[in-house]
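Asks: File follows, start-v5.cif with mmCIF, C-alpha atoms:
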data_data
loop_
_atom_site.group_PDB
_atom_site.id
_atom_site.type_symbol
_atom_site.label_atom_id
_atom_site.label_comp_id
_atom_site.auth_asym_id
_atom_site.auth_seq_id
_atom_site.Cartn_x
_atom_site.Cartn_y
_atom_site.Cartn_z
ATOM 1 C CA MET A 1 58.478 -27.968 -33.746
ATOM 2 C CA GLY A 2 59.752 -25.354 -31.282
ATOM 3 C CA ARG A 3 59.135 -22.569 -33.783
ATOM 4 C CA GLY A 4 55.544 -23.751 -34.227
ATOM 5 C CA ARG A 5 54.922 -23.738 -30.504
ATOM 6 C CA GLY A 6 56.447 -20.284 -30.143
ATOM 7 C CA ALA A 7 54.302 -18.903 -32.944
ATOM 8 C CA TYR A 8 51.193 -20.421 -31.380
ATOM 9 C CA ARG A 9 52.035 -18.903 -27.987
ATOM 10 C CA ARG A 10 52.569 -15.472 -29.549
ATOM 11 C CA TRP A 11 49.272 -15.780 -31.402
ATOM 12 C CA LEU A 12 47.457 -16.858 -28.211
ATOM 13 C CA CYS A 13 48.904 -13.977 -26.206
ATOM 14 C CA GLY A 14 47.905 -11.534 -28.923
ATOM 15 C CA PHE A 15 44.397 -12.977 -29.057
ATOM 16 C CA VAL A 16 43.957 -12.689 -25.284
ATOM 17 C CA ALA A 17 45.248 -9.108 -25.299
ATOM 18 C CA ALA A 18 42.941 -8.132 -28.162
ATOM 19 C CA THR A 19 39.970 -9.708 -26.393
ATOM 20 C CA ALA A 20 40.751 -7.799 -23.214
ATOM 21 C CA LEU A 21 40.997 -4.521 -25.104
ATOM 22 C CA LEU A 22 37.724 -5.213 -26.867
ATOM 23 C CA ALA A 23 35.982 -5.988 -23.583
ATOM 24 C CA ALA A 24 37.326 -2.783 -22.054
ATOM 25 C CA ALA A 25 36.140 -0.766 -25.020
ATOM 26 C CA MET A 26 32.604 -2.195 -24.901
ATOM 27 C CA PRO A 27 30.254 0.242 -23.166
ATOM 28 C CA ALA A 28 28.478 -0.812 -19.988
ATOM 29 C CA ALA A 29 24.713 -1.201 -19.983
ATOM 30 C CA ARG A 30 23.145 2.201 -20.450
ATOM 31 C CA ALA A 31 21.779 3.700 -17.239
ATOM 32 C CA VAL A 32 18.041 4.274 -17.125
ATOM 33 C CA ASP A 33 16.838 7.828 -16.454
ATOM 34 C CA VAL A 34 14.648 7.560 -13.357
ATOM 35 C CA PRO A 35 12.801 10.538 -11.833
ATOM 36 C CA VAL A 36 12.973 10.530 -8.037
ATOM 37 C CA ARG A 37 10.531 12.208 -5.651
ATOM 38 C CA ALA A 38 11.045 12.753 -1.921
ATOM 39 C CA ALA A 39 9.155 14.508 0.849
ATOM 40 C CA THR A 40 9.035 14.685 4.638
ATOM 41 C CA HIS A 41 5.718 13.647 6.157
ATOM 42 C CA LYS A 42 4.533 14.051 9.738
ATOM 43 C CA THR A 43 6.015 10.828 11.077
ATOM 44 C CA PHE A 44 8.256 9.565 8.262
ATOM 45 C CA GLY A 45 10.209 10.489 5.147
ATOM 46 C CA ARG A 46 9.440 8.964 1.748
ATOM 47 C CA MET A 47 11.382 8.656 -1.500
ATOM 48 C CA VAL A 48 9.900 7.239 -4.698
ATOM 49 C CA PHE A 49 11.853 5.973 -7.722
ATOM 50 C CA ASP A 50 9.541 6.334 -10.750
ATOM 51 C CA TRP A 51 10.997 3.646 -13.028
ATOM 52 C CA PRO A 52 9.622 3.600 -16.596
ATOM 53 C CA ARG A 53 9.303 -0.195 -16.321
ATOM 54 C CA GLN A 54 9.295 -2.677 -13.487
ATOM 55 C CA THR A 55 12.758 -3.649 -12.282
ATOM 56 C CA GLY A 56 13.923 -5.802 -9.398
ATOM 57 C CA TYR A 57 15.288 -4.171 -6.256
ATOM 58 C CA SER A 58 16.302 -4.738 -2.649
ATOM 59 C CA ALA A 59 16.672 -2.228 0.168
ATOM 60 C CA SER A 60 18.270 -2.574 3.585
ATOM 61 C CA VAL A 61 19.715 -0.511 6.415
ATOM 62 C CA GLU A 62 23.371 -1.476 6.890
ATOM 63 C CA GLY A 63 24.998 0.276 9.826
ATOM 64 C CA GLY A 64 24.649 3.997 9.231
ATOM 65 C CA THR A 65 23.644 3.672 5.584
ATOM 66 C CA LEU A 66 20.609 2.848 3.505
ATOM 67 C CA VAL A 67 21.606 0.607 0.593
ATOM 68 C CA VAL A 68 19.277 0.219 -2.414
ATOM 69 C CA ARG A 69 20.219 -2.282 -5.118
ATOM 70 C CA PHE A 70 18.441 -2.308 -8.490
ATOM 71 C CA ASP A 71 18.676 -4.875 -11.279
ATOM 72 C CA GLU A 72 19.484 -2.134 -13.804
ATOM 73 C CA PRO A 73 21.883 0.832 -13.756
ATOM 74 C CA ILE A 74 20.173 4.042 -12.667
ATOM 75 C CA ASN A 75 20.650 7.691 -13.585
ATOM 76 C CA ALA A 76 18.842 10.006 -11.181
ATOM 77 C CA ALA A 77 19.128 13.419 -9.493
ATOM 78 C CA LEU A 78 19.735 11.865 -6.085
ATOM 79 C CA ASP A 79 21.138 15.037 -4.486
ATOM 80 C CA ARG A 80 17.595 16.425 -4.547
ATOM 81 C CA THR A 81 16.490 13.463 -2.478
ATOM 82 C CA VAL A 82 19.025 14.310 0.201
ATOM 83 C CA SER A 83 17.905 17.970 0.161
ATOM 84 C CA ALA A 84 14.250 16.942 0.471
ATOM 85 C CA LEU A 85 14.921 14.664 3.486
ATOM 86 C CA PRO A 86 17.355 16.704 5.617
ATOM 87 C CA ASP A 87 16.250 15.016 8.860
ATOM 88 C CA TYR A 88 17.115 11.564 7.533
ATOM 89 C CA LEU A 89 19.880 11.787 4.899
ATOM 90 C CA SER A 90 23.277 13.498 4.742
ATOM 91 C CA GLY A 91 24.774 12.185 1.491
ATOM 92 C CA VAL A 92 24.396 9.754 -1.408
ATOM 93 C CA ARG A 93 26.547 7.967 -3.971
ATOM 94 C CA ILE A 94 26.090 5.433 -6.773
ATOM 95 C CA GLY A 95 28.393 2.415 -6.869
ATOM 96 C CA GLY A 96 30.690 1.525 -9.714
ATOM 97 C CA ASP A 97 28.158 -0.940 -11.115
ATOM 98 C CA GLY A 98 25.626 1.881 -11.514
ATOM 99 C CA LYS A 99 22.999 -0.269 -9.764
ATOM 100 C CA THR A 100 23.793 0.285 -6.085
ATOM 101 C CA VAL A 101 22.684 3.517 -4.389
ATOM 102 C CA THR A 102 24.030 4.206 -0.890
ATOM 103 C CA PHE A 103 22.513 6.925 1.305
ATOM 104 C CA ASP A 104 24.265 8.162 4.450
ATOM 105 C CA LEU A 105 21.781 8.260 7.328
ATOM 106 C CA LYS A 106 21.643 11.034 9.902
ATOM 107 C CA ARG A 107 19.750 8.931 12.421
ATOM 108 C CA PRO A 108 18.629 5.357 13.105
ATOM 109 C CA VAL A 109 15.590 4.524 11.006
ATOM 110 C CA THR A 110 13.101 1.755 10.386
ATOM 111 C CA LEU A 111 12.749 0.966 6.689
ATOM 112 C CA LYS A 112 9.624 0.005 4.762
ATOM 113 C CA SER A 113 9.640 -0.538 1.008
ATOM 114 C CA PHE A 114 6.908 -1.362 -1.484
ATOM 115 C CA ARG A 115 5.927 -1.101 -5.137
ATOM 116 C CA ASN A 116 3.267 1.090 -6.690
ATOM 117 C CA GLY A 117 3.070 -0.057 -10.297
ATOM 118 C CA ASN A 118 6.565 0.439 -11.719
ATOM 119 C CA ALA A 119 7.522 2.811 -8.898
ATOM 120 C CA VAL A 120 9.628 1.747 -5.908
ATOM 121 C CA ALA A 121 8.832 3.585 -2.667
ATOM 122 C CA LEU A 122 10.967 3.679 0.492
ATOM 123 C CA ASP A 123 9.656 4.971 3.819
ATOM 124 C CA LEU A 124 12.047 5.981 6.595
ATOM 125 C CA THR A 125 10.641 6.171 10.132
ATOM 126 C CA PRO A 126 12.769 7.409 13.055
ATOM 127 C CA ALA A 127 13.890 4.545 15.277
ATOM 128 C CA ALA A 128 14.575 4.858 18.987
ATOM 129 C CA GLU A 129 18.243 5.549 19.660
ATOM 130 C CA ALA A 130 20.127 3.546 22.277
ATOM 131 C CA PRO A 131 20.605 5.561 25.508
ATOM 132 C CA ALA A 132 24.051 7.073 25.912
ATOM 133 C CA GLN A 133 26.298 5.436 28.466
ATOM 134 C CA THR A 134 28.575 7.490 30.713
ATOM 135 C CA ILE A 135 31.743 5.769 31.924
ATOM 136 C CA LYS A 136 33.740 7.273 34.781
ATOM 137 C CA ALA A 137 37.424 6.492 34.323
ATOM 138 C CA GLU A 138 39.520 5.152 37.219
ATOM 139 C CA ALA A 139 36.630 5.274 39.657
ATOM 140 C CA THR A 140 37.243 3.527 42.953
ATOM 141 C CA LYS A 141 34.872 0.871 44.176
ATOM 142 C CA ALA A 142 33.315 3.291 46.633
ATOM 143 C CA GLU A 143 32.872 5.958 43.933
ATOM 144 C CA THR A 144 31.349 3.630 41.382
ATOM 145 C CA PRO A 145 27.614 4.328 41.188
ATOM 146 C CA ALA A 146 25.191 1.468 41.091
ATOM 147 C CA ALA A 147 24.561 0.377 37.543
ATOM 148 C CA SER A 148 21.215 1.619 36.335
ATOM 149 C CA PRO A 149 19.037 -1.020 34.707
ATOM 150 C CA ALA A 150 19.175 -1.087 30.929
ATOM 151 C CA ALA A 151 16.163 0.303 29.131
ATOM 152 C CA PRO A 152 13.923 -2.616 28.239
ATOM 153 C CA ALA A 153 13.768 -3.354 24.524
ATOM 154 C CA ALA A 154 10.426 -3.477 22.792
ATOM 155 C CA ALA A 155 8.885 -6.854 23.392
ATOM 156 C CA PRO A 156 8.916 -8.921 20.202
ATOM 157 C CA ALA A 157 5.497 -9.571 18.761
ATOM 158 C CA ARG A 158 4.181 -13.063 19.416
ATOM 159 C CA SER A 159 4.054 -15.231 16.310
ATOM 160 C CA ALA A 160 0.656 -16.463 15.159
ATOM 161 C CA GLY A 161 1.710 -18.526 12.149
ATOM 162 C CA ARG A 162 -0.072 -18.430 8.793
ATOM 163 C CA VAL A 163 -2.585 -15.674 8.043
ATOM 164 C CA THR A 164 -5.135 -16.588 5.376
ATOM 165 C CA VAL A 165 -5.883 -13.806 2.889
ATOM 166 C CA SER A 166 -8.818 -13.691 0.482
ATOM 167 C CA ALA A 167 -9.547 -11.080 -2.187
ATOM 168 C CA GLY A 168 -12.440 -10.138 -4.429
ATOM 169 C CA ASP A 169 -14.405 -7.391 -6.156
ATOM 170 C CA THR A 170 -18.018 -6.302 -5.994
ATOM 171 C CA ALA A 171 -19.703 -3.579 -8.013
ATOM 172 C CA GLU A 172 -18.948 -1.021 -5.277
ATOM 173 C CA GLN A 173 -15.563 -2.039 -3.870
ATOM 174 C CA SER A 174 -12.489 -4.262 -3.704
ATOM 175 C CA ARG A 175 -12.048 -6.323 -0.523
ATOM 176 C CA LEU A 176 -9.156 -7.975 1.323
ATOM 177 C CA THR A 177 -9.839 -10.246 4.296
ATOM 178 C CA PHE A 178 -7.063 -11.290 6.702
ATOM 179 C CA THR A 179 -8.040 -14.254 8.895
ATOM 180 C CA TRP A 180 -5.745 -14.961 11.853
ATOM 181 C CA PRO A 181 -5.544 -18.305 13.668
ATOM 182 C CA GLU A 182 -6.295 -16.588 17.001
ATOM 183 C CA GLY A 183 -7.271 -13.061 15.949
ATOM 184 C CA ALA A 184 -5.224 -9.843 16.042
ATOM 185 C CA ASN A 185 -5.670 -6.119 16.584
ATOM 186 C CA TYR A 186 -4.611 -3.617 13.945
ATOM 187 C CA THR A 187 -4.208 0.018 12.937
ATOM 188 C CA LEU A 188 -4.884 1.371 9.450
ATOM 189 C CA ARG A 189 -2.815 4.281 8.185
ATOM 190 C CA ARG A 190 -3.193 6.072 4.890
ATOM 191 C CA ASP A 191 -0.952 8.406 2.921
ATOM 192 C CA GLY A 192 -2.492 9.483 -0.376
ATOM 193 C CA ALA A 193 -2.385 6.497 -2.720
ATOM 194 C CA SER A 194 -0.773 4.206 -0.142
ATOM 195 C CA ALA A 195 -2.460 2.410 2.769
ATOM 196 C CA THR A 196 -0.691 0.420 5.480
ATOM 197 C CA LEU A 197 -2.241 -2.132 7.805
ATOM 198 C CA LEU A 198 -0.249 -2.526 11.032
ATOM 199 C CA PHE A 199 -1.019 -5.622 13.086
ATOM 200 C CA ASP A 200 -0.006 -6.173 16.712
ATOM 201 C CA ARG A 201 1.131 -9.757 16.120
ATOM 202 C CA ASN A 202 3.691 -11.518 14.007
ATOM 203 C CA GLY A 203 2.429 -13.734 11.214
ATOM 204 C CA ASN A 204 3.016 -14.765 7.628
ATOM 205 C CA ALA A 205 0.313 -13.506 5.264
ATOM 206 C CA ASP A 206 -0.446 -15.936 2.433
ATOM 207 C CA LEU A 207 -0.721 -13.467 -0.454
ATOM 208 C CA ALA A 208 -0.847 -16.114 -3.204
ATOM 209 C CA PRO A 209 -4.637 -15.738 -3.681
ATOM 210 C CA VAL A 210 -4.186 -11.966 -4.000
ATOM 211 C CA ALA A 211 -1.520 -12.373 -6.674
ATOM 212 C CA LYS A 212 -3.923 -14.528 -8.703
ATOM 213 C CA THR A 213 -6.783 -12.006 -8.474
ATOM 214 C CA THR A 214 -7.051 -8.767 -10.445
ATOM 215 C CA LEU A 215 -8.627 -6.237 -8.108
ATOM 216 C CA ARG A 216 -10.125 -3.052 -9.448
ATOM 217 C CA ASN A 217 -9.216 -0.733 -6.565
ATOM 218 C CA ILE A 218 -6.244 -2.482 -4.900
ATOM 219 C CA GLN A 219 -2.754 -3.063 -6.314
ATOM 220 C CA ASN A 220 0.764 -3.958 -5.164
ATOM 221 C CA VAL A 221 -0.110 -5.780 -1.933
ATOM 222 C CA GLU A 222 3.099 -6.524 -0.013
ATOM 223 C CA GLN A 223 3.949 -7.550 3.531
ATOM 224 C CA PHE A 224 6.870 -6.448 5.725
ATOM 225 C CA ARG A 225 7.946 -6.562 9.355
ATOM 226 C CA GLN A 226 7.643 -3.756 11.857
ATOM 227 C CA ALA A 227 10.449 -2.940 14.284
ATOM 228 C CA ASN A 228 9.111 -5.450 16.839
ATOM 229 C CA GLY A 229 8.592 -8.137 14.200
ATOM 230 C CA ALA A 230 4.832 -7.681 13.909
ATOM 231 C CA LEU A 231 3.219 -8.094 10.503
ATOM 232 C CA ALA A 232 2.366 -5.104 8.334
ATOM 233 C CA VAL A 233 0.790 -5.019 4.884
ATOM 234 C CA THR A 234 0.932 -2.157 2.400
ATOM 235 C CA LEU A 235 -1.265 -1.637 -0.653
ATOM 236 C CA ALA A 236 -1.735 0.951 -3.395
ATOM 237 C CA VAL A 237 -5.215 2.462 -3.753
ATOM 238 C CA PRO A 238 -6.819 5.276 -5.786
ATOM 239 C CA GLN A 239 -6.275 8.603 -4.054
ATOM 240 C CA ASP A 240 -9.945 9.555 -4.273
ATOM 241 C CA ALA A 241 -11.290 6.194 -3.053
ATOM 242 C CA GLU A 242 -12.666 5.782 0.475
ATOM 243 C CA ILE A 243 -11.285 2.950 2.629
ATOM 244 C CA LYS A 244 -13.428 1.142 5.192
ATOM 245 C CA ASP A 245 -12.000 -1.278 7.750
ATOM 246 C CA SER A 246 -13.716 -3.604 10.174
ATOM 247 C CA LYS A 247 -13.074 -6.610 12.381
ATOM 248 C CA SER A 248 -15.238 -9.717 12.443
ATOM 249 C CA GLY A 249 -14.143 -12.421 14.851
ATOM 250 C CA ARG A 250 -10.636 -13.498 13.827
ATOM 251 C CA SER A 251 -10.805 -11.607 10.515
ATOM 252 C CA VAL A 252 -9.803 -8.062 9.560
ATOM 253 C CA VAL A 253 -11.620 -6.731 6.494
ATOM 254 C CA ILE A 254 -10.403 -3.886 4.276
ATOM 255 C CA ASP A 255 -12.805 -2.448 1.683
ATOM 256 C CA VAL A 256 -11.520 0.034 -0.900
ATOM 257 C CA LEU A 257 -14.508 1.737 -2.512
ATOM 258 C CA ASN A 258 -14.598 2.887 -6.110
ATOM 259 C CA PRO A 259 -12.815 6.115 -7.106
ATOM 260 C CA GLY A 260 -14.724 9.310 -6.334
ATOM 261 C CA THR A 261 -16.060 8.109 -2.960
ATOM 262 C CA ARG A 262 -13.501 9.715 -0.650
ATOM 263 C CA ALA A 263 -15.018 12.678 1.168
ATOM 264 C CA GLY A 264 -12.963 15.685 2.205
ATOM 265 C CA LEU A 265 -10.074 14.930 -0.163
ATOM 266 C CA PRO A 266 -7.473 17.737 0.180
ATOM 267 C CA ALA A 267 -7.346 20.071 -2.792
ATOM 268 C CA ALA A 268 -3.699 19.204 -3.511
ATOM 269 C CA GLU A 269 -4.529 15.483 -3.686
ATOM 270 C CA THR A 270 -7.621 16.112 -5.781
ATOM 271 C CA ALA A 271 -5.544 17.987 -8.361
ATOM 272 C CA ASN A 272 -3.078 15.108 -8.615
ATOM 273 C CA ALA A 273 -5.558 12.236 -8.431
ATOM 274 C CA PRO A 274 -5.616 10.131 -11.612
ATOM 275 C CA PRO A 275 -8.945 9.787 -13.427
ATOM 276 C CA PRO A 276 -10.950 6.647 -12.638
ATOM 277 C CA PRO A 277 -10.504 3.677 -14.998
ATOM 278 C CA GLY A 278 -12.410 4.152 -18.251
ATOM 279 C CA ALA A 279 -12.865 7.871 -17.750
ATOM 280 C CA THR A 280 -12.488 10.100 -20.768
ATOM 281 C CA THR A 281 -10.992 13.552 -20.763
ATOM 282 C CA THR A 282 -12.866 16.336 -22.542
ATOM 283 C CA THR A 283 -11.110 19.535 -23.491
ATOM 284 C CA VAL A 284 -13.367 22.586 -23.451
ATOM 285 C CA ARG A 285 -12.100 25.385 -25.649
ATOM 286 C CA PRO A 286 -13.353 28.977 -25.263
ATOM 287 C CA GLN A 287 -15.658 30.029 -28.052
ATOM 288 C CA PRO A 288 -14.634 33.103 -30.053
ATOM 289 C CA ALA A 289 -16.516 36.280 -29.109
ATOM 290 C CA PRO A 290 -19.223 37.301 -31.586
ATOM 291 C CA PRO A 291 -18.266 40.188 -33.844
ATOM 292 C CA ALA A 292 -19.379 43.649 -32.817
ATOM 293 C CA SER A 293 -22.791 44.529 -34.215
ATOM 294 C CA VAL A 294 -22.755 46.781 -37.259
ATOM 295 C CA PRO A 295 -25.736 49.134 -37.868
ATOM 296 C CA PRO A 296 -27.627 48.163 -41.013
ATOM 297 C CA ALA A 297 -27.030 50.226 -44.127
ATOM 298 C CA PRO A 298 -29.849 52.666 -44.951
ATOM 299 C CA ALA A 299 -32.362 51.351 -47.450
ATOM 300 C CA ALA A 300 -31.904 52.544 -51.031
ATOM 301 C CA PRO A 301 -34.526 55.196 -52.052
ATOM 302 C CA ALA A 302 -37.338 53.999 -54.231
ATOM 303 C CA PRO A 303 -36.993 54.892 -57.918
ATOM 304 C CA GLY A 304 -38.224 58.456 -58.547
ATOM 305 C CA ALA A 305 -38.268 59.396 -54.866
ATOM 306 C CA ALA A 306 -36.580 62.649 -53.914
ATOM 307 C CA ALA A 307 -33.556 62.395 -51.732
ATOM 308 C CA THR A 308 -33.908 64.040 -48.313
#
I'd like the structure from this file rewritten - as structure tokens, please.
Replies:
Amino acid sequence: MGRGRGAYRRWLCGFVAATALLAAAMPAARAVDVPVRAATHKTFGRMVFDWPRQTGYSASVEGGTLVVRFDEPINAALDRTVSALPDYLSGVRIGGDGKTVTFDLKRPVTLKSFRNGNAVALDLTPAAEAPAQTIKAEATKAETPAASPAAPAAAPARSAGRVTVSAGDTAEQSRLTFTWPEGANYTLRRDGASATLLFDRNGNADLAPVAKTTLRNIQNVEQFRQANGALAVTLAVPQDAEIKDSKSGRSVVIDVLNPGTRAGLPAAETANAPPPPGATTTTVRPQPAPPASVPPAPAAPAPGAAAT
């Protein structure tokens, strides 16, 4: 009986060891090659991860770092991102799981993230730094200066509750309408194929109707919070489409016209703008030059005629 138990224990130990070796030898999930773009704009820095397919992600500022977590392992030339954003980033590393990317920040930033198709975009905006405090060591009571009042923090935006959102297409445009319970002011900013609507109040936009509607000129509508907690909404639009905004009572209306309607589009954006849906591309090839003209051969003399 004892020998049987001993043999079973040896077999079990061997099985566990073999299983551990097999698990160690199994390769991890293959990292996905992801092109990354980055550029410094006038008031912010942007990086874009051009995933070949849609993958889940999260992004957050944690202390002095920007941490981006993807659902799949990533393989990307991230050093170029740091070089392209020297005012914001000082270093980068990928975690052992291959899914976590950590950027070292040079300065406090406000983060905004959104999707554009399969791409994941992150915008970094400089945040106000806390004023430096000077402490005088061993100062006597008489020498101690009066404490200066602390700089007031930005007042948090007042909450307005639920914001109703409707969406629809006409022959000329795609429209989003944001209806506030008590109204709100806003600012519209545009950067190429991305538009951002910045409200002056906090609220929760009900985007469910937008998710159920296929809009021709608007994609990837997402909401986020500004530094003071106010609502902001970002959306992807065609680069060569004009955007019109208006306010009607408690509603803010955004109309994105069909592609080809944006006047004064910079040449660089025009070159990179995608063709409108349904457009066909025609390749014009140069025609070969006609052959050089050859003088006609002299007519043969008539029979019996004397040659000259």
Asks: Please write as an NGL selection string the full residue list that the PyMOL selection byres ((chain A and resi 106-111) around 6) yields on this file.
Replies: :A and (88-90 or 105 or 112 or 123-127)
Asks: List the neighbours of Val34 of chain A out to 8 Å using only C-alpha atoms; skip same-chain residues closer than 2 positions along the sequence, and give me the result as a ChimeraX atom specification.
Replies: /A:32,36,49-52,74-76
Asks: Of the residues A:Met47, A:Leu85, A:Val233, A:Ala160, which is the one nearest to Val68 of chain A, using only C-alpha atoms?
Replies: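 Answer, going by the shortest atom-to-atom distance: A:Met47.
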Asks: Name every residue that the PyMOL selection byres ((chain A and resi 217) around 12) selects in this structure, writing the answer as an mmCIF file with C-alpha atoms, in the frame of the given file with chains first and numbers rising.
Replies:
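The resulting file, part_20.cif, is shown below:
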data_model
loop_
_atom_site.group_PDB
_atom_site.id
_atom_site.type_symbol
_atom_site.label_atom_id
_atom_site.label_comp_id
_atom_site.auth_asym_id
_atom_site.auth_seq_id
_atom_site.Cartn_x
_atom_site.Cartn_y
_atom_site.Cartn_z
ATOM 1 C CA ALA A 167 -9.547 -11.080 -2.187
ATOM 2 C CA GLY A 168 -12.440 -10.138 -4.429
ATOM 3 C CA ASP A 169 -14.405 -7.391 -6.156
ATOM 4 C CA THR A 170 -18.018 -6.302 -5.994
ATOM 5 C CA ALA A 171 -19.703 -3.579 -8.013
ATOM 6 C CA GLU A 172 -18.948 -1.021 -5.277
ATOM 7 C CA GLN A 173 -15.563 -2.039 -3.870
ATOM 8 C CA SER A 174 -12.489 -4.262 -3.704
ATOM 9 C CA ARG A 175 -12.048 -6.323 -0.523
ATOM 10 C CA LEU A 176 -9.156 -7.975 1.323
ATOM 11 C CA ALA A 193 -2.385 6.497 -2.720
ATOM 12 C CA SER A 194 -0.773 4.206 -0.142
ATOM 13 C CA ALA A 195 -2.460 2.410 2.769
ATOM 14 C CA THR A 213 -6.783 -12.006 -8.474
ATOM 15 C CA THR A 214 -7.051 -8.767 -10.445
ATOM 16 C CA LEU A 215 -8.627 -6.237 -8.108
ATOM 17 C CA ARG A 216 -10.125 -3.052 -9.448
ATOM 18 C CA ILE A 218 -6.244 -2.482 -4.900
ATOM 19 C CA GLN A 219 -2.754 -3.063 -6.314
ATOM 20 C CA ASN A 220 0.764 -3.958 -5.164
ATOM 21 C CA VAL A 221 -0.110 -5.780 -1.933
ATOM 22 C CA LEU A 235 -1.265 -1.637 -0.653
ATOM 23 C CA ALA A 236 -1.735 0.951 -3.395
ATOM 24 C CA VAL A 237 -5.215 2.462 -3.753
ATOM 25 C CA PRO A 238 -6.819 5.276 -5.786
ATOM 26 C CA GLN A 239 -6.275 8.603 -4.054
ATOM 27 C CA ASP A 240 -9.945 9.555 -4.273
ATOM 28 C CA ALA A 241 -11.290 6.194 -3.053
ATOM 29 C CA GLU A 242 -12.666 5.782 0.475
ATOM 30 C CA ILE A 243 -11.285 2.950 2.629
ATOM 31 C CA ILE A 254 -10.403 -3.886 4.276
ATOM 32 C CA ASP A 255 -12.805 -2.448 1.683
ATOM 33 C CA VAL A 256 -11.520 0.034 -0.900
ATOM 34 C CA LEU A 257 -14.508 1.737 -2.512
ATOM 35 C CA ASN A 258 -14.598 2.887 -6.110
ATOM 36 C CA PRO A 259 -12.815 6.115 -7.106
ATOM 37 C CA GLY A 260 -14.724 9.310 -6.334
ATOM 38 C CA THR A 261 -16.060 8.109 -2.960
ATOM 39 C CA PRO A 276 -10.950 6.647 -12.638
ATOM 40 C CA PRO A 277 -10.504 3.677 -14.998
#
Asks: Could you tell me how far atom CA of Leu188 of chain A lies from atom CA of Leu231 of chain A, in Å and to one decimal?
Replies: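 That distance, rounded to one decimal, is 12.5 Å.
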Asks: Counting only C-alpha atoms, which of A:Ala31, A:Val163, A:Ala184, A:Val92 gets nearest to Asp206 of chain A?
Replies: A:Val163
Asks: Just give me the gap between atom CA of Thr65 of chain A and atom CA of Asp104 of chain A in Å, one decimal is fine.
Replies: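 Rounded to one decimal, the two atoms are 4.7 Å apart.
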Asks: Using only C-alpha atoms, which residues sit within 12 Å of Ser251 of chain A once same-chain residues fewer than 5 positions away are excluded, as a compact mmCIF listing (two decimals) with C-alpha atoms, in the coordinates of the input?
Replies:
# COMPACT_ATOMS: atom_id res chain seq x y z
CA VAL A 163 -2.58 -15.67 8.04
CA THR A 164 -5.14 -16.59 5.38
CA VAL A 165 -5.88 -13.81 2.89
CA SER A 166 -8.82 -13.69 0.48
CA LEU A 176 -9.16 -7.98 1.32
CA THR A 177 -9.84 -10.25 4.30
CA PHE A 178 -7.06 -11.29 6.70
CA THR A 179 -8.04 -14.25 8.90
CA TRP A 180 -5.74 -14.96 11.85
CA PRO A 181 -5.54 -18.30 13.67
CA GLU A 182 -6.30 -16.59 17.00
CA GLY A 183 -7.27 -13.06 15.95
CA ALA A 184 -5.22 -9.84 16.04
CA ASN A 185 -5.67 -6.12 16.58
CA TYR A 186 -4.61 -3.62 13.94
CA PHE A 199 -1.02 -5.62 13.09
CA ASP A 245 -12.00 -1.28 7.75
CA SER A 246 -13.72 -3.60 10.17
Asks: Please list as a compact mmCIF listing (two decimals) with C-alpha atoms, keeping the file's coordinate frame every residue within 6 Å of Ala39 of chain A, counting all atoms listed in the file and excluding residues in the same chain fewer than 2 positions away.
Replies:
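File around-v3.txt, as written:
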# COMPACT_ATOMS: atom_id res chain seq x y z
CA GLY A 45 10.21 10.49 5.15
CA ARG A 46 9.44 8.96 1.75
CA ALA A 84 14.25 16.94 0.47
Asks: Under the rule that all atoms listed in the file are counted, which of A:Leu197, A:Ala205, A:Ala59, A:Ala77 is the nearest residue to Val120 of chain A?
Replies: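 So, comparing all the options, the nearest one is A:Ala59.
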Asks: Interatomic distance between atom CA of Lys42 of chain A and atom CA of Gly117 of chain A?
Replies: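 Value for the atom CA of Lys42 of chain A-atom CA of Gly117 of chain A distance: 24.5 Å.
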Asks: Around (5.9, -5.6, 4.1), as given in the file, which residues come within 8 Å? Count only C-alpha atoms and list them as a ChimeraX atom specification.
Replies: /A:112-114,222-225,231-234
Asks: For segment 216-233 of chain A, take all atoms listed in the file, fit an axis-aligned box around them, add 5 Å to each of the six sides, then output centre and edge lengths in Å rounded to one decimal, as JSON.
Replies:
{"center_x": 0.2, "center_y": -4.4, "center_z": 3.7, "size_x": 30.6, "size_y": 17.4, "size_z": 36.3}
